[in-house]
Amino acid sequence: MTKGQRWPAEWSRYRDRFTGIEVLQLTNYKTHSWHLYFTEDGWYDGGRKLLFFSDRNNSTNLYSLDMRDGSITQLTGYEKNNDLGACLHPGGNLAVMKAGDTLISLNLDTLEEQPFYTAPAGFKIGNINCTADGRHVVTCIQEDLSHRILLDLGNGYVGHRELMEAAPLSRIIRVDLANGQASTVFEDRCFITHINTSPTVPWLITFCHEGPWHLVDHRIWGLDLSTGETWKIRERLEPREKVGHEFFYPDGETIGYHGFRENGTNFFGSIRYDNTGMEETEFPFDTWHSHADGRGQAVVDGKGNIRTLCVWRKKDGIYDGPRVLCELRCSFHSQKVHAHPRFNADGKRLLFTSDKNGYANLYLVEMPDDFESLPRLELPSKS
């Protein structure tokens, strides 16, 4: 695997068969390619380049796609690493990667890699985030129980409930990027994942108690990195309600999420980290993720009978929608082929992944100025 290798542009354009919207397919290779997790902004170099993963040559590596000409640059040269994660440092020219049990900084200009933290024996590293001031990387490490529980969480959540019930020792770790010094901010006997750092408030993060959403004691938690204080965010409003896939709005204080109720109602919502200002919008079909741009625009990825990306836009303070943006037809079989739709920084473009053609690929849609031109979603008949 050759670090720095250049790949020719693979992109192509087509008109969506449902809405006529132009869709730009960014990758086209006979393996899975997917963008960073939807809580992570992968755009850098002033929005001219995009980070993504791909399994080319039978190994997972990090790549960069140049939006000016479609060319692709391979940023890492791992030969057998299939446990690779990444986030973008707020400075813009540095990526932080998780490669197995090690955290590594990657200079996006020189491609120089520098390991700076290794998890202790018997622990696995979760997702990674940088704090808003760029000084620290925050991650969670979790007791490795794979020797006694059959786990395949990335492919169908195998062992998801069993791991929750086993209550592994989990720690939230803050690592100083300048000197590699690590400290435990919080620990608990609980399946902890989904670390999210605020993009504007250096001391604020959220994390979750993982497991089947209706069975966990509580999903979304806040944490003050300076004091170690934790608190619940968005308490359940009814028994067995499912709320999760939380993410920060660009303001760094508002948290978006989506959820399901036992009566079949789905909803997306937002709430401030101090549990004020809650706002929720319901819709009558199944989804896996939601995202919002903080400017009154929201998207959900339909699954089951609704296999499109559906969008809302605020009008007079109320979300108008759902309207169909384009076909999705995503299998959601594994994390690599989850749609994970995400707006870019100015809300003008929507990035998503789909395996509708057999392999996961990246797709990009320019959001239309004329929102009313998009068709309203027609629900399938129940007869």
# chains A, B, ... in the order shown; residues from 1 in each chain; ligands from 1
>>> residues_around(residues="Cys190 in chain A", least_positions_apart="4", cutoff="10 Å", atoms="only C-alpha atoms", output="CSV table (one decimal) with N, CA, C and O atoms, in the first residue's frame")
chain,number,residue,atom,x,y,z
A,142,GLN,N,-12.2,0.9,26.4
A,142,GLN,CA,-13.1,0.0,27.0
A,142,GLN,C,-12.5,-1.3,27.1
A,142,GLN,O,-11.7,-1.8,26.3
A,143,GLU,N,-12.8,-1.9,28.3
A,143,GLU,CA,-12.3,-3.3,28.6
A,143,GLU,C,-12.7,-4.2,27.4
A,143,GLU,O,-13.8,-4.3,27.0
A,163,LEU,N,-22.8,-7.1,25.4
A,163,LEU,CA,-21.7,-6.2,25.9
A,163,LEU,C,-22.3,-5.2,26.9
A,163,LEU,O,-21.6,-4.9,27.9
A,164,MET,N,-23.4,-4.6,26.6
A,164,MET,CA,-24.1,-3.7,27.5
A,164,MET,C,-24.3,-4.4,28.9
A,164,MET,O,-24.0,-3.8,30.0
A,165,GLU,N,-24.8,-5.6,28.8
A,165,GLU,CA,-25.2,-6.3,30.1
A,165,GLU,C,-23.9,-6.8,30.8
A,165,GLU,O,-23.9,-6.9,32.1
A,166,ALA,N,-22.8,-6.9,30.1
A,166,ALA,CA,-21.5,-7.3,30.8
A,166,ALA,C,-20.9,-6.1,31.5
A,166,ALA,O,-20.0,-6.3,32.4
A,167,ALA,N,-21.3,-4.9,31.3
A,167,ALA,CA,-20.8,-3.7,32.0
A,167,ALA,C,-19.3,-3.6,32.0
A,167,ALA,O,-18.7,-3.7,33.0
A,168,PRO,N,-18.7,-3.5,30.8
A,168,PRO,CA,-17.2,-3.4,30.8
A,168,PRO,C,-16.7,-2.1,31.5
A,168,PRO,O,-17.4,-1.1,31.5
A,169,LEU,N,-15.5,-2.2,32.0
A,169,LEU,CA,-14.9,-1.0,32.5
A,169,LEU,C,-14.6,-0.1,31.4
A,169,LEU,O,-13.9,-0.5,30.4
A,170,SER,N,-15.1,1.2,31.4
A,170,SER,CA,-14.8,2.1,30.3
A,170,SER,C,-14.3,3.4,30.9
A,170,SER,O,-14.7,3.8,32.0
A,171,ARG,N,-13.4,4.0,30.2
A,171,ARG,CA,-12.7,5.3,30.7
A,171,ARG,C,-12.8,6.3,29.5
A,171,ARG,O,-12.5,6.0,28.4
A,208,CYS,N,-22.1,8.5,25.4
A,208,CYS,CA,-23.4,7.7,25.5
A,208,CYS,C,-23.1,6.5,26.3
A,208,CYS,O,-22.0,5.9,26.3
A,209,HIS,N,-24.2,6.0,26.9
A,209,HIS,CA,-24.3,4.6,27.4
A,209,HIS,C,-24.8,3.8,26.3
A,209,HIS,O,-26.0,4.0,25.9
A,210,GLU,N,-24.0,2.9,25.7
A,210,GLU,CA,-24.3,2.2,24.5
A,210,GLU,C,-25.1,0.9,24.9
A,210,GLU,O,-24.9,0.4,26.0
A,211,GLY,N,-25.8,0.4,23.9
A,211,GLY,CA,-26.6,-0.7,24.0
A,211,GLY,C,-27.9,-0.5,23.3
A,211,GLY,O,-28.1,0.6,22.7
A,216,VAL,N,-31.0,0.8,27.6
A,216,VAL,CA,-29.9,1.5,28.4
A,216,VAL,C,-30.6,2.3,29.4
A,216,VAL,O,-31.7,2.8,29.3
>>> select_by_dssp(residues="range 68-252 of chain A", states="alpha helix (DSSP H)", output="list of chain:residue names")
A:His160, A:Arg161, A:Glu162, A:Leu163, A:Met164, A:Glu165, A:Ala166
>>> write_last_selection(atoms="C-alpha atoms", output="JSON list (two decimals), in the first residue's frame")
[["chain", "number", "residue", "atom", "x", "y", "z"],
["A", 160, "HIS", "CA", -24.42, -5.33, 21.28],
["A", 161, "ARG", "CA", -26.83, -6.22, 24.08],
["A", 162, "GLU", "CA", -24.48, -8.79, 25.62],
["A", 163, "LEU", "CA", -21.69, -6.22, 25.94],
["A", 164, "MET", "CA", -24.05, -3.70, 27.54],
["A", 165, "GLU", "CA", -25.15, -6.32, 30.07],
["A", 166, "ALA", "CA", -21.54, -7.30, 30.80]]
>>> closest_residue(among="A:Val243, A:Ile128, A:Val299, A:Ala99", to="Asn82 in chain A", atoms="only C-alpha atoms")
A:Ala99
>>> residues_around(residues="Asp286 in chain A", least_positions_apart="6", cutoff="12 Å", atoms="only C-alpha atoms", output="NGL selection string")
:A and (258-261 or 263-268 or 300-310 or 379)
>>> residues_around(residues="range 192-197 of chain A", least_positions_apart="5", cutoff="10 Å", atoms="only C-alpha atoms", output="JSON list (two decimals) with C-alpha atoms, in the first residue's frame")
[["chain", "number", "residue", "atom", "x", "y", "z"],
["A", 39, "THR", "CA", -20.42, 13.64, 13.70],
["A", 40, "GLU", "CA", -17.06, 14.47, 12.06],
["A", 125, "ILE", "CA", -10.01, 2.40, 21.76],
["A", 126, "GLY", "CA", -13.34, 3.89, 20.73],
["A", 127, "ASN", "CA", -13.95, 6.90, 18.51],
["A", 128, "ILE", "CA", -11.77, 10.02, 18.72],
["A", 129, "ASN", "CA", -12.45, 13.77, 18.76],
["A", 130, "CYS", "CA", -10.34, 16.92, 19.15],
["A", 131, "THR", "CA", -11.32, 19.63, 21.61],
["A", 132, "ALA", "CA", -12.37, 22.99, 20.19],
["A", 137, "VAL", "CA", -7.75, 14.52, 21.81],
["A", 138, "VAL", "CA", -10.60, 12.85, 23.68],
["A", 139, "THR", "CA", -11.42, 9.19, 23.32],
["A", 140, "CYS", "CA", -12.95, 6.32, 25.25],
["A", 141, "ILE", "CA", -11.18, 3.09, 26.05],
["A", 142, "GLN", "CA", -13.15, 0.02, 26.95],
["A", 164, "MET", "CA", -24.05, -3.70, 27.54],
["A", 167, "ALA", "CA", -20.84, -3.70, 31.95],
["A", 168, "PRO", "CA", -17.20, -3.42, 30.80],
["A", 169, "LEU", "CA", -14.89, -0.98, 32.55],
["A", 170, "SER", "CA", -14.83, 2.14, 30.35],
["A", 171, "ARG", "CA", -12.74, 5.28, 30.66],
["A", 172, "ILE", "CA", -12.94, 8.65, 28.95],
["A", 187, "GLU", "CA", -14.69, 6.01, 34.28],
["A", 202, "PRO", "CA", -13.23, 23.24, 24.88],
["A", 203, "TRP", "CA", -14.47, 21.77, 28.17],
["A", 204, "LEU", "CA", -17.74, 20.30, 26.85],
["A", 205, "ILE", "CA", -18.32, 16.81, 25.44],
["A", 206, "THR", "CA", -21.14, 14.34, 25.20],
["A", 207, "PHE", "CA", -20.88, 10.57, 25.46],
["A", 208, "CYS", "CA", -23.38, 7.74, 25.53],
["A", 209, "HIS", "CA", -24.28, 4.63, 27.44],
["A", 210, "GLU", "CA", -24.32, 2.19, 24.54],
["A", 211, "GLY", "CA", -26.62, -0.75, 24.01],
["A", 219, "ARG", "CA", -28.33, 7.36, 26.32],
["A", 220, "ILE", "CA", -27.01, 10.95, 26.01],
["A", 221, "TRP", "CA", -24.71, 12.31, 28.74],
["A", 222, "GLY", "CA", -22.82, 15.58, 29.11],
["A", 223, "LEU", "CA", -19.33, 15.80, 30.62],
["A", 225, "LEU", "CA", -13.70, 17.90, 31.01],
["A", 244, "GLY", "CA", -29.65, 8.68, 20.24],
["A", 245, "HIS", "CA", -27.19, 9.31, 17.40],
["A", 246, "GLU", "CA", -26.48, 12.64, 19.07],
["A", 247, "PHE", "CA", -24.31, 15.31, 17.43],
["A", 248, "PHE", "CA", -23.37, 18.93, 18.08],
["A", 252, "GLY", "CA", -21.24, 23.90, 19.98],
["A", 255, "ILE", "CA", -27.22, 18.86, 20.49]]
>>> closest_residue(among="A:Gly156, A:His289, A:Ser71, A:Thr200", to="Asp133 in chain A", atoms="only C-alpha atoms")
A:Thr200
>>> residues_around(residues="Gly77 in chain A", least_positions_apart="5", cutoff="9 Å", atoms="only C-alpha atoms", output="PyMOL selection string")
chain A and resi 1-4+59-62
>>> write_last_selection(atoms="N, CA, C and O atoms", output="mmCIF file, in the first residue's frame")
data_model
loop_
_atom_site.group_PDB
_atom_site.id
_atom_site.type_symbol
_atom_site.label_atom_id
_atom_site.label_comp_id
_atom_site.auth_asym_id
_atom_site.auth_seq_id
_atom_site.Cartn_x
_atom_site.Cartn_y
_atom_site.Cartn_z
ATOM 1 N N MET A 1 0.850 -1.179 0.000
ATOM 2 C CA MET A 1 0.000 0.000 0.000
ATOM 3 C C MET A 1 0.891 1.236 0.000
ATOM 4 O O MET A 1 1.719 1.401 0.901
ATOM 5 N N THR A 2 0.764 2.094 -0.994
ATOM 6 C CA THR A 2 1.712 3.190 -1.176
ATOM 7 C C THR A 2 1.144 4.505 -0.674
ATOM 8 O O THR A 2 0.208 5.064 -1.262
ATOM 9 N N LYS A 3 1.701 4.986 0.425
ATOM 10 C CA LYS A 3 1.313 6.303 0.919
ATOM 11 C C LYS A 3 1.698 7.359 -0.111
ATOM 12 O O LYS A 3 2.783 7.323 -0.689
ATOM 13 N N GLY A 4 0.787 8.288 -0.364
ATOM 14 C CA GLY A 4 1.042 9.338 -1.343
ATOM 15 C C GLY A 4 0.648 8.984 -2.759
ATOM 16 O O GLY A 4 0.719 9.831 -3.660
ATOM 17 N N SER A 59 -7.236 -3.474 2.017
ATOM 18 C CA SER A 59 -6.833 -2.921 3.301
ATOM 19 C C SER A 59 -7.444 -1.541 3.466
ATOM 20 O O SER A 59 -7.533 -0.765 2.503
ATOM 21 N N THR A 60 -7.869 -1.231 4.697
ATOM 22 C CA THR A 60 -8.472 0.066 4.968
ATOM 23 C C THR A 60 -7.396 1.130 5.097
ATOM 24 O O THR A 60 -6.447 0.978 5.866
ATOM 25 N N ASN A 61 -7.551 2.217 4.359
ATOM 26 C CA ASN A 61 -6.653 3.361 4.472
ATOM 27 C C ASN A 61 -7.435 4.662 4.363
ATOM 28 O O ASN A 61 -8.610 4.670 3.961
ATOM 29 N N LEU A 62 -6.769 5.742 4.762
ATOM 30 C CA LEU A 62 -7.361 7.067 4.706
ATOM 31 C C LEU A 62 -6.938 7.744 3.406
ATOM 32 O O LEU A 62 -5.765 7.673 3.008
#
>>> closest_residue(among="A:Tyr157, A:Tyr117, A:Lys232, A:Arg17", to="Ala182 in chain A", atoms="only C-alpha atoms")
A:Tyr117
>>> select_by_dssp(residues="range 94-251 of chain A", states="strand (DSSP E)", output="count of residues only")
77
